[in-house]
Amino acid sequence: MKQTVPKVSIGMPVYNGEPFIREALDSLLAQTFTDFELIISDNASTDMTEAICREYTIHDRRIRYVRQEENFGALANFRFVLDEAIGEYFMWAAADDVQHENFLQSLVQILDKHNQFVLASSSIESIDNCGVKLWDALLDSIYIDDAMINPGENRKLFFRNPISNVFFSIYGLYRKEVLKSADLNYKGMVKYLSGSEIPLLAQVALKGMITSIPQTLKKYRRHPDSVYYSEQNEKGFFLT
């Protein structure tokens, strides 16, 4: 039987995602845009992540679950799900974040309509481990209307460090081939996953424009067990 190629590929790299992965999966499977595949790469989790994922694969054929034999690092796991993708568009989905049901539909419409955009995202709401709102991170500096009027200023934003809230667009929707042409481990110098979005987004910005819609359609979870917090602790930063 000939394989049907989905419009969108979603890659979920995960390690020990038991506390939040059900909520993350439920938000993806409830999307109003349904033409997607979901690739889960389990980086040798030691909790109940495997059992949860296998349970979900029984009920939804769009899910493909892969368990790695050993943990080969977060960056390699992000690359793995991208390499496995077959859709025209691609996005990473963290196993602890939550998407509004119209998240995919809204971003697919942008990329379908505007060829100049290679990555589209939305503003985000930051939440804690209990789902309580912390703050909004508006991507207003790259909203679509302004980006179309002044594309040169839009592109410059991704070559600045720090780059404020625009780094949240890393979890937006990409034209897959553009993303695959970028080096996730830029010149072999990326030690930490947190911070790797800066050189990656800069590379993507060279291929086309990056934008955001004004709506807040994604919840980004901050919690002590996240990759971000673990890496910040390793760097010796004080976290609140």
# chains A, B, ... in the order shown; residues from 1 in each chain; ligands from 1

call {"tool": "residues_around", "arguments": {"residues": "Asp140 of chain A", "least_positions_apart": "3", "cutoff": "10 Å", "atoms": "only C-alpha atoms", "output": "list in words"}}
result
Ser122, Ser123, Ala137, Tyr143, Ile144, Asp146, Ala147, Asn165, Val166, Thr211, Ser212, Ile213, Pro214 and Gln215 of chain A

call {"tool": "select_by_dssp", "arguments": {"residues": "segment 34-93 of chain A", "states": "alpha helix (DSSP H)", "output": "PyMOL selection string"}}
result
chain A and resi 49-59+74-84

call {"tool": "write_last_selection", "arguments": {"atoms": "N, CA, C and O atoms", "output": "PDB file, in the first residue's frame"}}
result
ATOM      1  N   THR A  49       7.275   6.926  30.438  1.00  0.00           N
ATOM      2  CA  THR A  49       7.094   7.543  29.122  1.00  0.00           C
ATOM      3  C   THR A  49       6.801   6.500  28.047  1.00  0.00           C
ATOM      4  O   THR A  49       5.893   6.678  27.224  1.00  0.00           O
ATOM      5  N   GLU A  50       7.551   5.423  28.018  1.00  0.00           N
ATOM      6  CA  GLU A  50       7.356   4.402  26.981  1.00  0.00           C
ATOM      7  C   GLU A  50       5.948   3.821  27.032  1.00  0.00           C
ATOM      8  O   GLU A  50       5.268   3.708  25.995  1.00  0.00           O
ATOM      9  N   ALA A  51       5.479   3.454  28.206  1.00  0.00           N
ATOM     10  CA  ALA A  51       4.145   2.857  28.345  1.00  0.00           C
ATOM     11  C   ALA A  51       3.062   3.824  27.893  1.00  0.00           C
ATOM     12  O   ALA A  51       2.102   3.431  27.210  1.00  0.00           O
ATOM     13  N   ILE A  52       3.204   5.079  28.258  1.00  0.00           N
ATOM     14  CA  ILE A  52       2.218   6.095  27.874  1.00  0.00           C
ATOM     15  C   ILE A  52       2.180   6.254  26.358  1.00  0.00           C
ATOM     16  O   ILE A  52       1.111   6.263  25.738  1.00  0.00           O
ATOM     17  N   CYS A  53       3.344   6.365  25.754  1.00  0.00           N
ATOM     18  CA  CYS A  53       3.408   6.560  24.299  1.00  0.00           C
ATOM     19  C   CYS A  53       2.845   5.360  23.551  1.00  0.00           C
ATOM     20  O   CYS A  53       2.116   5.519  22.562  1.00  0.00           O
ATOM     21  N   ARG A  54       3.184   4.178  23.977  1.00  0.00           N
ATOM     22  CA  ARG A  54       2.673   2.979  23.301  1.00  0.00           C
ATOM     23  C   ARG A  54       1.155   2.876  23.438  1.00  0.00           C
ATOM     24  O   ARG A  54       0.467   2.418  22.528  1.00  0.00           O
ATOM     25  N   GLU A  55       0.635   3.325  24.543  1.00  0.00           N
ATOM     26  CA  GLU A  55      -0.816   3.372  24.734  1.00  0.00           C
ATOM     27  C   GLU A  55      -1.468   4.288  23.695  1.00  0.00           C
ATOM     28  O   GLU A  55      -2.482   3.938  23.086  1.00  0.00           O
ATOM     29  N   TYR A  56      -0.853   5.446  23.468  1.00  0.00           N
ATOM     30  CA  TYR A  56      -1.407   6.404  22.506  1.00  0.00           C
ATOM     31  C   TYR A  56      -1.310   5.891  21.067  1.00  0.00           C
ATOM     32  O   TYR A  56      -2.179   6.190  20.245  1.00  0.00           O
ATOM     33  N   THR A  57      -0.254   5.147  20.748  1.00  0.00           N
ATOM     34  CA  THR A  57      -0.116   4.639  19.374  1.00  0.00           C
ATOM     35  C   THR A  57      -1.234   3.676  19.018  1.00  0.00           C
ATOM     36  O   THR A  57      -1.598   3.536  17.839  1.00  0.00           O
ATOM     37  N   ILE A  58      -1.792   3.006  19.992  1.00  0.00           N
ATOM     38  CA  ILE A  58      -2.882   2.047  19.751  1.00  0.00           C
ATOM     39  C   ILE A  58      -4.123   2.776  19.242  1.00  0.00           C
ATOM     40  O   ILE A  58      -4.861   2.253  18.395  1.00  0.00           O
ATOM     41  N   HIS A  59      -4.329   3.987  19.716  1.00  0.00           N
ATOM     42  CA  HIS A  59      -5.570   4.710  19.431  1.00  0.00           C
ATOM     43  C   HIS A  59      -5.458   5.727  18.304  1.00  0.00           C
ATOM     44  O   HIS A  59      -6.485   6.234  17.836  1.00  0.00           O
ATOM     45  N   ALA A  74      20.163  15.422  23.986  1.00  0.00           N
ATOM     46  CA  ALA A  74      18.964  16.140  23.557  1.00  0.00           C
ATOM     47  C   ALA A  74      19.086  16.665  22.133  1.00  0.00           C
ATOM     48  O   ALA A  74      18.149  16.562  21.338  1.00  0.00           O
ATOM     49  N   LEU A  75      20.237  17.228  21.789  1.00  0.00           N
ATOM     50  CA  LEU A  75      20.406  17.809  20.461  1.00  0.00           C
ATOM     51  C   LEU A  75      20.269  16.752  19.369  1.00  0.00           C
ATOM     52  O   LEU A  75      19.604  16.966  18.349  1.00  0.00           O
ATOM     53  N   ALA A  76      20.889  15.590  19.583  1.00  0.00           N
ATOM     54  CA  ALA A  76      20.785  14.498  18.615  1.00  0.00           C
ATOM     55  C   ALA A  76      19.350  13.992  18.504  1.00  0.00           C
ATOM     56  O   ALA A  76      18.896  13.584  17.424  1.00  0.00           O
ATOM     57  N   ASN A  77      18.608  14.039  19.599  1.00  0.00           N
ATOM     58  CA  ASN A  77      17.222  13.591  19.573  1.00  0.00           C
ATOM     59  C   ASN A  77      16.346  14.560  18.780  1.00  0.00           C
ATOM     60  O   ASN A  77      15.435  14.145  18.054  1.00  0.00           O
ATOM     61  N   PHE A  78      16.624  15.848  18.900  1.00  0.00           N
ATOM     62  CA  PHE A  78      15.922  16.843  18.083  1.00  0.00           C
ATOM     63  C   PHE A  78      16.217  16.615  16.599  1.00  0.00           C
ATOM     64  O   PHE A  78      15.324  16.728  15.750  1.00  0.00           O
ATOM     65  N   ARG A  79      17.447  16.289  16.281  1.00  0.00           N
ATOM     66  CA  ARG A  79      17.819  16.040  14.889  1.00  0.00           C
ATOM     67  C   ARG A  79      17.163  14.762  14.373  1.00  0.00           C
ATOM     68  O   ARG A  79      16.751  14.690  13.209  1.00  0.00           O
ATOM     69  N   PHE A  80      17.061  13.752  15.231  1.00  0.00           N
ATOM     70  CA  PHE A  80      16.489  12.468  14.821  1.00  0.00           C
ATOM     71  C   PHE A  80      15.055  12.631  14.325  1.00  0.00           C
ATOM     72  O   PHE A  80      14.697  12.123  13.256  1.00  0.00           O
ATOM     73  N   VAL A  81      14.216  13.325  15.087  1.00  0.00           N
ATOM     74  CA  VAL A  81      12.815  13.455  14.678  1.00  0.00           C
ATOM     75  C   VAL A  81      12.691  14.272  13.398  1.00  0.00           C
ATOM     76  O   VAL A  81      11.804  14.023  12.576  1.00  0.00           O
ATOM     77  N   LEU A  82      13.583  15.240  13.207  1.00  0.00           N
ATOM     78  CA  LEU A  82      13.586  16.016  11.967  1.00  0.00           C
ATOM     79  C   LEU A  82      13.975  15.132  10.781  1.00  0.00           C
ATOM     80  O   LEU A  82      13.352  15.192   9.716  1.00  0.00           O
ATOM     81  N   ASP A  83      14.980  14.307  10.958  1.00  0.00           N
ATOM     82  CA  ASP A  83      15.429  13.430   9.879  1.00  0.00           C
ATOM     83  C   ASP A  83      14.368  12.399   9.502  1.00  0.00           C
ATOM     84  O   ASP A  83      14.319  11.935   8.357  1.00  0.00           O
ATOM     85  N   GLU A  84      13.531  12.024  10.451  1.00  0.00           N
ATOM     86  CA  GLU A  84      12.488  11.031  10.209  1.00  0.00           C
ATOM     87  C   GLU A  84      11.255  11.623   9.531  1.00  0.00           C
ATOM     88  O   GLU A  84      10.402  10.886   9.030  1.00  0.00           O
TER      89      GLU A  84
END

call {"tool": "residues_around", "arguments": {"residues": "Gln116 of chain A", "least_positions_apart": "6", "cutoff": "12 Å", "atoms": "only C-alpha atoms", "output": "ChimeraX atom specification"}}
result
/A:110,144,147-148,151,155,174-175,178,205-211

call {"tool": "residues_around", "arguments": {"residues": "Ser41 of chain A", "least_positions_apart": "4", "cutoff": "7 Å", "atoms": "only C-alpha atoms", "output": "PyMOL selection string"}}
result
chain A and resi 12-14+65-68+77+81

call {"tool": "atom_distance", "arguments": {"atom1": "atom CA of Phe158 of chain A", "atom2": "atom CA of Ala202 of chain A"}}
result
5.0 Å

call {"tool": "select_by_dssp", "arguments": {"residues": "segment 5-149 of chain A", "states": "strand (DSSP E)", "output": "number ranges by chain"}}
result
A: 8-14, 36-42, 63-67, 89-92, 98-99, 117-127, 133-137

call {"tool": "atom_distance", "arguments": {"atom1": "atom CA of Trp92 of chain A", "atom2": "atom CA of Ile149 of chain A"}}
result
28.2 Å

call {"tool": "atom_distance", "arguments": {"atom1": "atom CA of Ile170 of chain A", "atom2": "atom CA of Ala24 of chain A"}}
result
17.0 Å

call {"tool": "closest_residue", "arguments": {"among": "A:Asp26, A:Gly17, A:Ala85, A:Gly11", "to": "Ile40 of chain A", "atoms": "only C-alpha atoms"}}
result
A:Gly11

call {"tool": "closest_residue", "arguments": {"among": "A:Phe20, A:Phe90, A:Phe33, A:Phe103", "to": "Leu179 of chain A", "atoms": "only C-alpha atoms"}}
result
A:Phe90

call {"tool": "residues_around", "arguments": {"residues": "Val132 of chain A", "least_positions_apart": "4", "cutoff": "12 Å", "atoms": "only C-alpha atoms", "output": "list in words"}}
result
Glu125, Ser126, Ile127, Asp128, Asp136, Lys219, Tyr220, Arg221, Arg222 and His223 of chain A
